[in-house]
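File shown: structure_19.cif (mmCIF, C-alpha atoms).
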data_work
loop_
_atom_site.label_atom_id
_atom_site.label_comp_id
_atom_site.auth_asym_id
_atom_site.auth_seq_id
_atom_site.Cartn_x
_atom_site.Cartn_y
_atom_site.Cartn_z
CA MET A 1245 3.03 -0.46 -0.07
CA ASN A 1246 4.48 2.52 1.77
CA SER A 1247 4.04 6.22 1.17
CA THR A 1248 7.23 6.52 -0.88
CA THR A 1249 6.03 4.22 -3.68
CA SER A 1250 6.15 6.30 -6.82
CA ILE A 1251 3.10 7.20 -8.86
CA ALA A 1252 4.55 5.57 -11.98
CA SER A 1253 5.07 2.22 -10.31
CA ILE A 1254 1.55 2.33 -8.86
CA LEU A 1255 0.13 2.98 -12.32
CA LEU A 1256 2.19 0.22 -13.94
CA ALA A 1257 1.34 -2.28 -11.22
CA ALA A 1258 -2.37 -1.50 -11.43
CA ILE A 1259 -2.47 -1.81 -15.22
CA LEU A 1260 -0.21 -4.82 -15.75
CA THR A 1261 0.87 -6.88 -12.73
CA ASN A 1262 -2.23 -6.49 -10.57
CA ASN A 1263 -4.68 -6.29 -13.44
CA MET A 1264 -8.22 -5.96 -12.07
CA VAL A 1265 -9.77 -8.65 -14.22
CA LEU A 1266 -6.96 -11.03 -15.01
CA SER A 1267 -5.20 -11.27 -11.68
CA LYS A 1268 -7.73 -10.05 -9.12
CA PHE A 1269 -10.88 -11.51 -10.75
CA LEU A 1270 -12.90 -8.34 -10.21
CA GLY A 1271 -15.40 -7.28 -12.83
CA ILE A 1272 -15.67 -10.70 -14.46
CA CYS A 1273 -19.33 -10.16 -15.40
CA PRO A 1274 -18.75 -7.22 -17.76
CA PHE A 1275 -15.47 -8.80 -18.89
CA LEU A 1276 -17.29 -11.88 -20.15
CA GLY A 1277 -20.65 -10.27 -20.89
CA VAL A 1278 -19.86 -7.02 -22.69
CA SER A 1279 -16.63 -7.93 -24.47
CA LYS A 1280 -18.17 -9.30 -27.64
CA LYS A 1281 -17.66 -6.15 -29.66
CA THR A 1282 -14.66 -3.89 -29.41
CA ASN A 1283 -16.60 -0.62 -29.37
CA THR A 1284 -19.01 -1.61 -26.57
CA ALA A 1285 -16.03 -2.96 -24.62
CA PHE A 1286 -14.32 0.43 -25.03
CA SER A 1287 -17.32 2.51 -23.91
CA MET A 1288 -17.96 0.26 -20.94
CA SER A 1289 -14.37 0.51 -19.73
CA ILE A 1290 -14.36 4.33 -20.10
CA ALA A 1291 -17.46 4.43 -17.87
CA VAL A 1292 -15.86 2.07 -15.34
CA THR A 1293 -12.64 4.13 -15.21
CA LEU A 1294 -14.61 7.33 -14.67
CA VAL A 1295 -16.68 5.86 -11.83
CA MET A 1296 -13.61 4.26 -10.21
CA VAL A 1297 -11.71 7.55 -10.03
CA VAL A 1298 -14.69 9.59 -8.79
CA ALA A 1299 -15.67 6.88 -6.27
CA THR A 1300 -12.12 6.79 -4.91
CA ALA A 1301 -12.03 10.58 -4.65
CA VAL A 1302 -15.17 10.46 -2.49
CA THR A 1303 -14.70 7.28 -0.42
CA TRP A 1304 -11.06 7.89 0.57
CA PRO A 1305 -11.80 11.10 2.55
CA ILE A 1306 -14.96 9.54 4.00
CA TYR A 1307 -12.99 6.59 5.33
CA ASN A 1308 -9.98 8.48 6.59
CA TYR A 1309 -11.71 11.53 8.09
CA ILE A 1310 -15.11 10.21 9.20
CA LEU A 1311 -15.06 6.42 9.67
CA SER A 1312 -11.49 6.00 10.88
CA PRO A 1313 -10.65 4.94 13.57
CA ASP A 1314 -13.91 4.22 15.43
CA TYR A 1315 -16.39 3.23 12.75
CA THR A 1316 -14.29 1.24 10.28
CA TYR A 1317 -16.74 -1.66 10.46
CA LEU A 1318 -19.19 0.51 8.51
CA GLU A 1319 -16.81 0.50 5.51
CA THR A 1320 -18.75 -2.04 3.43
CA ILE A 1321 -22.21 -0.54 3.88
CA VAL A 1322 -21.10 3.10 3.52
CA PHE A 1323 -18.97 2.44 0.44
CA ILE A 1324 -21.66 0.59 -1.50
CA LEU A 1325 -24.25 3.27 -0.76
CA VAL A 1326 -21.83 6.07 -1.68
CA ILE A 1327 -20.97 4.32 -4.94
CA ALA A 1328 -24.65 3.84 -5.78
CA ALA A 1329 -25.29 7.53 -5.11
CA ILE A 1330 -22.26 8.62 -7.14
CA VAL A 1331 -23.33 6.57 -10.13
CA GLN A 1332 -26.79 8.18 -10.02
CA LEU A 1333 -25.23 11.62 -9.67
CA ILE A 1334 -22.82 11.12 -12.56
CA GLU A 1335 -25.73 9.98 -14.69
CA ILE A 1336 -27.78 13.08 -13.86
CA VAL A 1337 -24.88 15.49 -14.40
CA LEU A 1338 -23.91 13.92 -17.73
CA LYS A 1339 -27.52 13.91 -18.91
CA ARG A 1340 -27.98 17.58 -18.05
CA TYR A 1341 -24.65 19.07 -19.12
CA ILE A 1342 -22.66 16.75 -21.40
CA LYS A 1343 -25.28 15.11 -23.58
CA PRO A 1344 -22.96 13.42 -26.14
CA VAL A 1345 -21.01 11.64 -23.39
CA TYR A 1346 -24.29 10.59 -21.79
CA ASN A 1347 -25.50 9.13 -25.05
CA ALA A 1348 -22.31 7.10 -25.39
CA LEU A 1349 -21.92 5.89 -21.79
CA GLY A 1350 -25.36 6.32 -20.21
CA ILE A 1351 -26.61 2.78 -20.57
CA TYR A 1352 -23.52 1.33 -18.92
CA LEU A 1353 -23.73 3.44 -15.77
CA PRO A 1354 -26.50 1.58 -13.88
CA LEU A 1355 -24.63 -1.68 -14.50
CA ILE A 1356 -21.63 -0.29 -12.67
CA THR A 1357 -23.30 0.05 -9.25
CA THR A 1358 -23.13 -3.67 -8.69
CA ASN A 1359 -19.77 -4.05 -10.41
CA CYS A 1360 -17.39 -5.56 -7.92
CA ALA A 1361 -14.39 -3.89 -9.56
CA VAL A 1362 -15.50 -0.44 -8.37
CA LEU A 1363 -16.22 -1.48 -4.77
CA GLY A 1364 -13.07 -3.61 -4.89
CA ILE A 1365 -10.73 -0.79 -5.88
CA THR A 1366 -12.06 1.62 -3.25
CA MET A 1367 -11.51 -1.06 -0.59
CA LEU A 1368 -8.08 -2.08 -1.89
CA ASN A 1369 -6.95 1.55 -1.61
CA ILE A 1370 -7.85 1.44 2.07
CA THR A 1371 -6.33 -2.02 2.79
CA ASN A 1372 -3.09 -1.07 1.04
CA GLU A 1373 -2.91 2.17 3.06
CA LEU A 1374 -2.31 4.37 0.03
CA ASN A 1375 -2.45 8.14 0.45
CA PHE A 1376 -5.00 10.24 -1.43
CA ILE A 1377 -2.95 10.93 -4.57
CA GLN A 1378 -1.70 7.34 -4.75
CA SER A 1379 -5.28 6.09 -4.39
CA LEU A 1380 -6.46 8.24 -7.28
CA PHE A 1381 -3.70 6.93 -9.54
CA ASN A 1382 -4.31 3.38 -8.38
CA ALA A 1383 -7.98 3.77 -9.38
CA LEU A 1384 -7.00 5.30 -12.73
CA GLY A 1385 -4.53 2.48 -13.36
CA ALA A 1386 -7.10 -0.16 -12.40
CA GLY A 1387 -9.58 1.40 -14.85
CA LEU A 1388 -7.01 1.49 -17.64
CA GLY A 1389 -6.02 -2.10 -16.84
CA PHE A 1390 -9.68 -3.09 -17.08
CA MET A 1391 -9.84 -1.35 -20.46
CA LEU A 1392 -6.69 -3.10 -21.71
CA ALA A 1393 -8.02 -6.52 -20.68
CA MET A 1394 -11.45 -5.81 -22.22
CA LEU A 1395 -9.98 -4.61 -25.53
CA LEU A 1396 -7.51 -7.48 -25.86
CA PHE A 1397 -10.20 -9.99 -24.98
CA SER A 1398 -12.80 -8.55 -27.35
CA GLY A 1399 -10.23 -9.00 -30.13
CA VAL A 1400 -9.79 -12.64 -29.16
CA ARG A 1401 -13.56 -13.15 -29.04
CA GLU A 1402 -14.11 -11.67 -32.48
CA ARG A 1403 -11.70 -14.32 -33.79
CA LEU A 1404 -13.52 -17.05 -31.83
CA GLU A 1405 -16.73 -16.27 -33.74
CA THR A 1406 -15.35 -17.84 -36.89
CA ALA A 1407 -13.30 -20.60 -35.25
CA ASP A 1408 -14.20 -24.27 -35.44
CA ILE A 1409 -14.87 -25.16 -31.79
CA PRO A 1410 -15.49 -28.69 -30.43
CA GLU A 1411 -19.17 -29.18 -29.59
CA PHE A 1412 -18.79 -29.51 -25.82
CA LEU A 1413 -16.71 -26.32 -25.54
CA LYS A 1414 -19.07 -24.05 -27.46
CA GLY A 1415 -20.26 -20.88 -25.76
CA LEU A 1416 -19.13 -20.08 -22.23
CA PRO A 1417 -16.46 -22.83 -21.78
CA ILE A 1418 -14.34 -21.73 -24.76
CA THR A 1419 -14.69 -18.09 -23.62
CA LEU A 1420 -13.30 -19.04 -20.21
CA VAL A 1421 -10.45 -21.05 -21.73
CA ALA A 1422 -9.59 -18.07 -23.96
CA ALA A 1423 -9.63 -15.86 -20.86
CA ALA A 1424 -7.22 -18.30 -19.21
CA LEU A 1425 -4.79 -17.88 -22.11
CA VAL A 1426 -5.04 -14.06 -21.97
CA ALA A 1427 -4.43 -14.26 -18.19
CA LEU A 1428 -1.44 -16.51 -18.83
CA SER A 1429 0.09 -13.85 -21.06
CA PHE A 1430 -0.34 -11.28 -18.29
CA LEU A 1431 1.67 -13.49 -15.92
CA GLY A 1432 4.65 -12.44 -18.00
CA PHE A 1433 4.40 -8.98 -16.44
CA ALA A 1434 4.91 -10.30 -12.91
CA GLY A 1435 7.65 -8.35 -11.21
CA ILE A 1436 7.28 -5.11 -13.18
CA GLY A 1437 6.77 -2.11 -10.92
CA GLY A 1438 6.30 -4.49 -7.98
CA MET B 255 -48.44 -31.77 -2.03
CA LYS B 256 -47.32 -28.72 -0.13
CA ASN B 257 -44.30 -30.55 1.24
CA ASN B 258 -43.28 -31.50 -2.28
CA ARG B 259 -43.34 -27.88 -3.35
CA TYR B 260 -41.17 -26.80 -0.43
CA MET B 261 -38.77 -29.64 -1.17
CA GLY B 262 -38.63 -28.38 -4.75
CA TYR B 263 -37.59 -24.89 -3.61
CA PHE B 264 -34.76 -26.45 -1.64
CA THR B 265 -33.46 -28.88 -4.28
CA ASN B 266 -33.77 -26.34 -7.08
CA GLY B 267 -30.47 -24.66 -6.26
CA LEU B 268 -28.55 -27.88 -5.75
CA ILE B 269 -28.41 -29.18 -9.32
CA LYS B 270 -31.21 -28.08 -11.61
CA GLU B 271 -30.60 -24.38 -11.11
CA ASN B 272 -27.15 -24.50 -9.58
CA PRO B 273 -26.20 -20.84 -9.20
CA VAL B 274 -22.64 -21.25 -10.51
CA LEU B 275 -22.88 -23.89 -13.21
CA ARG B 276 -26.47 -23.42 -14.46
CA LEU B 277 -27.29 -19.76 -13.75
CA VAL B 278 -23.62 -18.64 -14.05
CA LEU B 279 -23.86 -16.10 -11.24
CA GLY B 280 -21.16 -15.13 -8.79
CA THR B 281 -18.25 -15.83 -11.12
CA CYS B 282 -15.87 -13.39 -9.40
CA PRO B 283 -15.64 -15.19 -6.03
CA THR B 284 -15.81 -18.57 -7.79
CA LEU B 285 -12.61 -17.77 -9.65
CA ALA B 286 -10.85 -15.73 -7.00
CA VAL B 287 -10.97 -17.70 -3.75
CA THR B 288 -10.85 -21.30 -5.00
CA THR B 289 -7.11 -21.80 -4.66
CA ALA B 290 -7.78 -24.29 -1.84
CA ALA B 291 -10.79 -26.43 -0.95
CA ILE B 292 -11.08 -24.93 2.53
CA ASN B 293 -11.37 -21.40 1.09
CA GLY B 294 -14.21 -22.63 -1.13
CA ILE B 295 -16.08 -23.91 1.92
CA GLY B 296 -15.44 -20.69 3.86
CA MET B 297 -16.60 -18.43 1.05
CA GLY B 298 -19.59 -20.66 0.31
CA LEU B 299 -20.80 -20.74 3.91
CA ALA B 300 -20.33 -16.99 4.38
CA ALA B 301 -22.36 -16.30 1.23
CA THR B 302 -25.01 -18.88 2.27
CA MET B 303 -25.45 -17.17 5.62
CA VAL B 304 -25.88 -13.74 4.00
CA LEU B 305 -28.21 -15.23 1.39
CA ILE B 306 -30.54 -16.86 3.94
CA CYS B 307 -30.66 -13.78 6.20
CA SER B 308 -31.25 -11.32 3.35
CA ASN B 309 -33.88 -13.62 1.82
CA ILE B 310 -35.76 -13.66 5.14
CA VAL B 311 -35.73 -9.89 5.59
CA ILE B 312 -36.52 -9.09 1.96
CA SER B 313 -39.35 -11.60 1.94
CA LEU B 314 -40.77 -10.07 5.13
CA LEU B 315 -40.54 -6.58 3.66
CA ARG B 316 -41.73 -7.52 0.18
CA LYS B 317 -45.03 -5.64 0.54
CA VAL B 318 -43.43 -2.61 2.22
CA ILE B 319 -40.54 -1.77 -0.11
CA PRO B 320 -41.71 0.46 -2.97
CA ASP B 321 -40.96 -0.98 -6.38
CA LYS B 322 -38.93 2.00 -7.56
CA VAL B 323 -36.30 1.93 -4.83
CA ARG B 324 -36.18 -1.83 -4.37
CA ILE B 325 -32.64 -2.38 -5.67
CA PRO B 326 -31.02 0.21 -3.31
CA ALA B 327 -33.14 -1.20 -0.46
CA TYR B 328 -31.97 -4.75 -1.21
CA ILE B 329 -28.34 -3.63 -1.42
CA THR B 330 -28.59 -1.90 1.97
CA ILE B 331 -30.10 -5.00 3.60
CA ILE B 332 -27.47 -7.26 2.04
CA ALA B 333 -24.63 -4.91 3.02
CA GLY B 334 -25.85 -4.97 6.62
CA PHE B 335 -25.70 -8.75 6.80
CA VAL B 336 -22.35 -8.84 5.01
CA SER B 337 -20.92 -6.55 7.70
CA VAL B 338 -22.25 -8.88 10.39
CA VAL B 339 -20.73 -11.96 8.76
CA GLN B 340 -17.48 -10.08 8.13
CA MET B 341 -17.14 -9.21 11.83
CA LEU B 342 -18.02 -12.75 12.93
CA VAL B 343 -15.44 -14.31 10.60
CA LYS B 344 -12.81 -11.78 11.67
CA ALA B 345 -13.44 -12.61 15.32
CA PHE B 346 -13.73 -16.39 15.20
CA LEU B 347 -11.98 -17.58 12.01
CA PRO B 348 -9.06 -15.18 11.45
CA SER B 349 -7.26 -17.58 9.07
CA ILE B 350 -10.31 -17.76 6.76
CA ASP B 351 -10.62 -13.97 6.98
CA LYS B 352 -7.03 -13.65 5.82
CA ALA B 353 -7.48 -16.14 2.96
CA LEU B 354 -10.68 -14.52 1.66
CA GLY B 355 -9.39 -10.96 2.18
CA ILE B 356 -11.26 -8.37 0.17
CA TYR B 357 -13.60 -10.97 -1.35
CA LEU B 358 -15.47 -11.34 1.95
CA PRO B 359 -16.89 -7.77 1.94
CA LEU B 360 -17.40 -8.13 -1.82
CA ILE B 361 -20.23 -10.60 -1.11
CA VAL B 362 -22.31 -7.38 -1.17
CA VAL B 363 -22.04 -7.26 -4.94
CA ASN B 364 -22.25 -11.03 -5.43
CA CYS B 365 -24.98 -11.29 -8.02
CA ILE B 366 -26.34 -14.58 -6.61
CA ILE B 367 -27.66 -12.78 -3.55
CA LEU B 368 -29.17 -9.82 -5.39
CA ALA B 369 -30.57 -12.12 -8.06
CA ARG B 370 -32.33 -14.36 -5.53
CA ALA B 371 -33.71 -11.28 -3.77
CA GLU B 372 -35.07 -9.96 -7.04
CA MET B 373 -36.20 -13.26 -8.55
CA PHE B 374 -37.43 -15.17 -5.52
CA ALA B 375 -37.55 -13.53 -2.07
CA SER B 376 -39.44 -10.46 -3.32
CA LYS B 377 -42.25 -12.71 -4.60
CA ASN B 378 -42.44 -15.62 -2.14
CA SER B 379 -43.22 -16.38 1.49
CA VAL B 380 -40.58 -16.43 4.21
CA VAL B 381 -40.41 -20.23 4.50
CA SER B 382 -39.99 -20.70 0.75
CA SER B 383 -37.33 -17.97 0.67
CA VAL B 384 -35.33 -19.61 3.47
CA LEU B 385 -35.41 -22.95 1.63
CA ASP B 386 -34.44 -21.28 -1.63
CA GLY B 387 -31.54 -19.47 0.08
CA LEU B 388 -30.40 -22.70 1.74
CA GLY B 389 -30.51 -24.71 -1.51
CA MET B 390 -28.78 -22.03 -3.57
CA GLY B 391 -26.18 -21.55 -0.83
CA ILE B 392 -25.39 -25.26 -0.61
CA GLY B 393 -25.19 -25.49 -4.42
CA PHE B 394 -22.78 -22.53 -4.44
CA THR B 395 -20.67 -24.00 -1.62
CA ALA B 396 -20.51 -27.42 -3.30
CA VAL B 397 -19.21 -26.03 -6.61
CA LEU B 398 -16.71 -23.75 -4.87
CA THR B 399 -15.40 -26.63 -2.78
CA LEU B 400 -15.15 -28.91 -5.82
CA MET B 401 -13.28 -26.26 -7.78
CA GLY B 402 -11.03 -25.49 -4.79
CA ALA B 403 -10.28 -29.21 -4.42
CA ILE B 404 -9.37 -29.60 -8.12
CA ARG B 405 -7.11 -26.54 -8.11
CA GLU B 406 -5.48 -27.48 -4.80
CA LEU B 407 -4.85 -31.05 -5.93
CA LEU B 408 -3.34 -30.06 -9.27
CA GLY B 409 -1.61 -26.90 -8.10
CA ALA B 410 -0.23 -27.94 -4.73
CA GLY B 411 -0.72 -31.72 -4.62
CA THR B 412 -2.74 -31.49 -1.41
CA LEU B 413 -6.39 -31.76 -0.34
CA PHE B 414 -7.55 -29.71 2.65
CA SER B 415 -3.80 -29.10 3.28
CA LEU B 416 -3.12 -32.86 3.54
CA PRO B 417 -0.53 -34.14 1.05
CA VAL B 418 -1.98 -36.42 -1.64
CA THR B 419 0.22 -36.38 -4.71
CA ALA B 420 2.71 -33.77 -3.48
CA ASN B 421 5.36 -36.36 -2.61
CA PHE B 422 5.67 -38.04 -5.99
CA ILE B 423 4.25 -35.64 -8.61
CA SER B 424 5.62 -32.13 -8.77
CA PRO B 425 2.61 -29.78 -8.51
CA MET B 426 1.56 -27.56 -11.42
CA ILE B 427 1.58 -24.15 -9.77
CA VAL B 428 -0.20 -22.56 -12.73
CA PHE B 429 -3.48 -24.01 -11.41
CA LEU B 430 -3.17 -21.84 -8.31
CA LEU B 431 -2.56 -18.76 -10.48
CA PRO B 432 -5.33 -16.79 -12.24
CA PRO B 433 -5.12 -18.67 -15.60
CA GLY B 434 -5.72 -21.96 -13.79
CA GLY B 435 -8.89 -20.51 -12.27
CA PHE B 436 -10.33 -19.56 -15.66
CA PHE B 437 -9.31 -22.89 -17.17
CA VAL B 438 -10.73 -25.13 -14.43
CA PHE B 439 -13.97 -23.13 -14.41
CA GLY B 440 -14.23 -23.46 -18.20
CA MET B 441 -13.77 -27.21 -17.96
CA LEU B 442 -16.37 -27.49 -15.16
CA VAL B 443 -18.91 -25.57 -17.24
CA ALA B 444 -18.11 -27.81 -20.23
CA ALA B 445 -18.64 -30.93 -18.09
CA SER B 446 -21.88 -29.60 -16.63
CA ASN B 447 -23.06 -28.71 -20.14
CA ALA B 448 -22.31 -32.23 -21.35
CA LEU B 449 -24.28 -33.72 -18.43
CA ALA B 450 -27.15 -31.29 -19.00
CA LYS B 451 -27.29 -32.30 -22.64
CA ARG B 452 -27.46 -35.97 -21.73
CA ALA B 453 -30.36 -35.16 -19.39
CA GLY B 454 -32.12 -33.40 -22.24
CA LYS B 455 -31.57 -29.86 -20.91
CA LYS B 456 -30.22 -26.91 -22.79
CA PRO B 457 -26.50 -26.25 -22.20
CA VAL B 458 -25.43 -22.90 -20.77
CA GLU B 459 -24.03 -20.86 -23.64
CA HIS B 460 -23.55 -17.45 -22.09
CA LEU B 461 -23.58 -15.66 -18.78
CA GLY B 462 -26.64 -15.92 -16.58
CA CYS B 463 -28.47 -13.05 -18.21
CA GLU B 464 -32.01 -14.22 -17.40
CA SER B 465 -31.45 -14.11 -13.68
CA CYS B 466 -29.10 -11.12 -13.54
CA PRO B 467 -30.54 -8.14 -11.65
CA SER B 468 -29.04 -5.74 -14.18
CA ARG B 469 -30.68 -7.53 -17.06
CA ALA B 470 -33.03 -4.69 -17.95
CA VAL B 471 -30.03 -2.47 -18.61
CA CYS B 472 -27.64 -5.04 -19.93
CA GLY B 473 -30.25 -6.45 -22.30
CA LYS B 474 -29.85 -3.37 -24.43
CA ILE B 475 -26.18 -4.15 -24.90
CA ASP B 476 -25.56 -7.80 -25.41
CA CYS B 477 -28.02 -10.25 -23.89
CA GLU B 478 -30.76 -9.46 -26.37
CA GLU B 479 -28.62 -10.45 -29.34
CA GLU B 480 -27.64 -13.68 -27.66
CA ALA B 481 -31.23 -14.42 -26.78
CA ALA B 482 -32.24 -13.85 -30.38
CA VAL B 483 -29.52 -16.21 -31.59
CA ASN B 484 -30.61 -18.88 -29.12
CA GLU B 485 -34.24 -18.81 -30.09
#

Written as structure tokens, that's how I'd like the structure from this file.
Amino acid sequence: MNSTTSIASILLAAILTNNMVLSKFLGICPFLGVSKKTNTAFSMSIAVTLVMVVATAVTWPIYNYILSPDYTYLETIVFILVIAAIVQLIEIVLKRYIKPVYNALGIYLPLITTNCAVLGITMLNITNELNFIQSLFNALGAGLGFMLAMLLFSGVRERLETADIPEFLKGLPITLVAAALVALSFLGFAGIGG
Amino acid sequence: MKNNRYMGYFTNGLIKENPVLRLVLGTCPTLAVTTAAINGIGMGLAATMVLICSNIVISLLRKVIPDKVRIPAYITIIAGFVSVVQMLVKAFLPSIDKALGIYLPLIVVNCIILARAEMFASKNSVVSSVLDGLGMGIGFTAVLTLMGAIRELLGAGTLFSLPVTANFISPMIVFLLPPGGFFVFGMLVAASNALAKRAGKKPVEHLGCESCPSRAVCGKIDCEEEAAVNE
């Protein structure tokens, strides 16, 4: 991707063609674990989107102004520590100043530290050589894409609850097969915004 | 007697508590890199190396690290070893580095490694932790290689880049694409569940909540309900 790629195409690509969960396999744990009910799926993805955008806003300058070009090998260790610190900080700020938001999202925040989608998006922004604004929109798009996948999938799972499933597929296997079908539908977006 | 116990730590991760199929940990790399058998081996060995090294250090430091900051401490140790492995792979195996891409540094957040630190290395001696790391690592590598082989055979008609069915059956590319990953993994879990049932064990019905390091938090959301249903 070069610096002339428009914001709109970055957003579209991040939400649909390069969907975090369904085409990059990042954030599978919450995707399979927290998608049973639509409202928990929604709160979780709001929290993920928030952390993704804030983490990108912090890690991008750190990489490009401090680590680059001599200390790029520290990327992994610095990024994970920064993300862990940011998650803590967001939790404290929300708890102190925006109590209702904390009550809704608070319990999801600690889960996000070890969520590979957040670390993944901050690193993808660096590997794809996006500029600061593009990185922010890429993170926003990835978060929204995560939300779209979670919401669609929680709908599918609510239907699965009442379905008659063969004995050997019950539980995790049928969930994975359903995820395969949702991923198949997202293949239809290939080429958009590319 | 003692030898038997050590042997048990090693074999635990191979089948009985296979990290991918029985504990259902590390699903992201399992799905993402297994488009070819060789990638499965590469990813598996890289993760095994990190797992053994971090198990050693965490086991050595288990009495030093305060309980309250243990998770950040573990993550820092793991991230250090991941950087080492990342640089080694980049220097000596550039083709594997290219194939694994961003998933190589993402070993940091691979829950197998954090889970074994939390569940095993923080409570056991160095020797036991090395054996546990080795067993879990080999179990992880074996499943990744198997899944890579299945997807490569169906999706490209080759095995380890050697043509098998490519010349007379046109390959089903969908198995190399994301949906194929989910589908093959679902079928593998179904098969492992069927075998577990025959052996008189409980099938895996949900994600590996018991061994997940975030369980304390996540339990409030979903795992508790599932646990209640299972009981």

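Take the PyMOL selection byres ((chain B and resi 364) around 8) and apply it to this file: it picks A:Cys1360, B:Leu279, B:Gly280, B:Cys282, B:Pro283, B:Leu360, B:Ile361, B:Val362, B:Val363, B:Cys365, B:Ile366, B:Ile367, B:Leu368.
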
Residue subset to file, keeping C-alpha atoms, as a PDB file, in the coordinates of the input:
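What follows is the written file result_34.pdb:
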ATOM      1  CA  CYS A1360     -17.390  -5.560  -7.920  1.00  0.00           C
TER       2      CYS A1360
ATOM      3  CA  LEU B 279     -23.860 -16.100 -11.240  1.00  0.00           C
ATOM      4  CA  GLY B 280     -21.160 -15.130  -8.790  1.00  0.00           C
ATOM      5  CA  CYS B 282     -15.870 -13.390  -9.400  1.00  0.00           C
ATOM      6  CA  PRO B 283     -15.640 -15.190  -6.030  1.00  0.00           C
ATOM      7  CA  LEU B 360     -17.400  -8.130  -1.820  1.00  0.00           C
ATOM      8  CA  ILE B 361     -20.230 -10.600  -1.110  1.00  0.00           C
ATOM      9  CA  VAL B 362     -22.310  -7.380  -1.170  1.00  0.00           C
ATOM     10  CA  VAL B 363     -22.040  -7.260  -4.940  1.00  0.00           C
ATOM     11  CA  CYS B 365     -24.980 -11.290  -8.020  1.00  0.00           C
ATOM     12  CA  ILE B 366     -26.340 -14.580  -6.610  1.00  0.00           C
ATOM     13  CA  ILE B 367     -27.660 -12.780  -3.550  1.00  0.00           C
ATOM     14  CA  LEU B 368     -29.170  -9.820  -5.390  1.00  0.00           C
TER      15      LEU B 368
END

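Interatomic distance, CA of Ala286 in chain B to CA of Ile1290 in chain A: 24.2 Å.
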
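The gap separating CA of Leu1266 in chain A from CA of Ser415 in chain B is 25.9 Å, in Å to one decimal.
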
Among A:Leu1404, A:Met1296, A:Ile1342, A:Leu1392, Gly1364 in chain A is approached most closely, using only C-alpha atoms, by A:Met1296

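Comparing A:Ile1272, A:Ile1336, A:Leu1380, A:Ile1259 by their smallest distance to chain B, the closest is A:Ile1272 (using all atoms listed in the file).
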
Residues picked by the PyMOL selection byres ((chain B and resi 264) around 7) here, as an MDAnalysis selection string?
-> chainID B and resid 260:263 265:267 385:386 388:389

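The space between CA of Arg370 in chain B and CA of Val338 in chain B spans 19.6 Å.
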
Can you turn the PyMOL selection byres ((chain A) within 8 of (chain B)) into a concrete residue list for this file, as a ChimeraX atom specification?
-> /A:1266-1273,1276-1278,1280,1284,1317-1318,1320-1321,1324-1325,1328,1351-1352,1354-1355,1358-1360,1363-1364,1367-1368,1412-1421,1423-1428

Written file, previous selection with C-alpha atoms, as a compact mmCIF listing (two decimals), in the coordinates of the input:
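Below you can see result.txt, which holds the result:
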# COMPACT_ATOMS: atom_id res chain seq x y z
CA LEU A 1266 -6.96 -11.03 -15.01
CA SER A 1267 -5.20 -11.27 -11.68
CA LYS A 1268 -7.73 -10.05 -9.12
CA PHE A 1269 -10.88 -11.51 -10.75
CA LEU A 1270 -12.90 -8.34 -10.21
CA GLY A 1271 -15.40 -7.28 -12.83
CA ILE A 1272 -15.67 -10.70 -14.46
CA CYS A 1273 -19.33 -10.16 -15.40
CA LEU A 1276 -17.29 -11.88 -20.15
CA GLY A 1277 -20.65 -10.27 -20.89
CA VAL A 1278 -19.86 -7.02 -22.69
CA LYS A 1280 -18.17 -9.30 -27.64
CA THR A 1284 -19.01 -1.61 -26.57
CA TYR A 1317 -16.74 -1.66 10.46
CA LEU A 1318 -19.19 0.51 8.51
CA THR A 1320 -18.75 -2.04 3.43
CA ILE A 1321 -22.21 -0.54 3.88
CA ILE A 1324 -21.66 0.59 -1.50
CA LEU A 1325 -24.25 3.27 -0.76
CA ALA A 1328 -24.65 3.84 -5.78
CA ILE A 1351 -26.61 2.78 -20.57
CA TYR A 1352 -23.52 1.33 -18.92
CA PRO A 1354 -26.50 1.58 -13.88
CA LEU A 1355 -24.63 -1.68 -14.50
CA THR A 1358 -23.13 -3.67 -8.69
CA ASN A 1359 -19.77 -4.05 -10.41
CA CYS A 1360 -17.39 -5.56 -7.92
CA LEU A 1363 -16.22 -1.48 -4.77
CA GLY A 1364 -13.07 -3.61 -4.89
CA MET A 1367 -11.51 -1.06 -0.59
CA LEU A 1368 -8.08 -2.08 -1.89
CA PHE A 1412 -18.79 -29.51 -25.82
CA LEU A 1413 -16.71 -26.32 -25.54
CA LYS A 1414 -19.07 -24.05 -27.46
CA GLY A 1415 -20.26 -20.88 -25.76
CA LEU A 1416 -19.13 -20.08 -22.23
CA PRO A 1417 -16.46 -22.83 -21.78
CA ILE A 1418 -14.34 -21.73 -24.76
CA THR A 1419 -14.69 -18.09 -23.62
CA LEU A 1420 -13.30 -19.04 -20.21
CA VAL A 1421 -10.45 -21.05 -21.73
CA ALA A 1423 -9.63 -15.86 -20.86
CA ALA A 1424 -7.22 -18.30 -19.21
CA LEU A 1425 -4.79 -17.88 -22.11
CA VAL A 1426 -5.04 -14.06 -21.97
CA ALA A 1427 -4.43 -14.26 -18.19
CA LEU A 1428 -1.44 -16.51 -18.83

Contacts of Ser1250 in chain A within 12 Å, only C-alpha atoms, excl. fewer than 6 positions in-chain, as a PyMOL selection string = chain A and resi 1256-1257+1374-1375+1377-1379+1381-1382+1437-1438
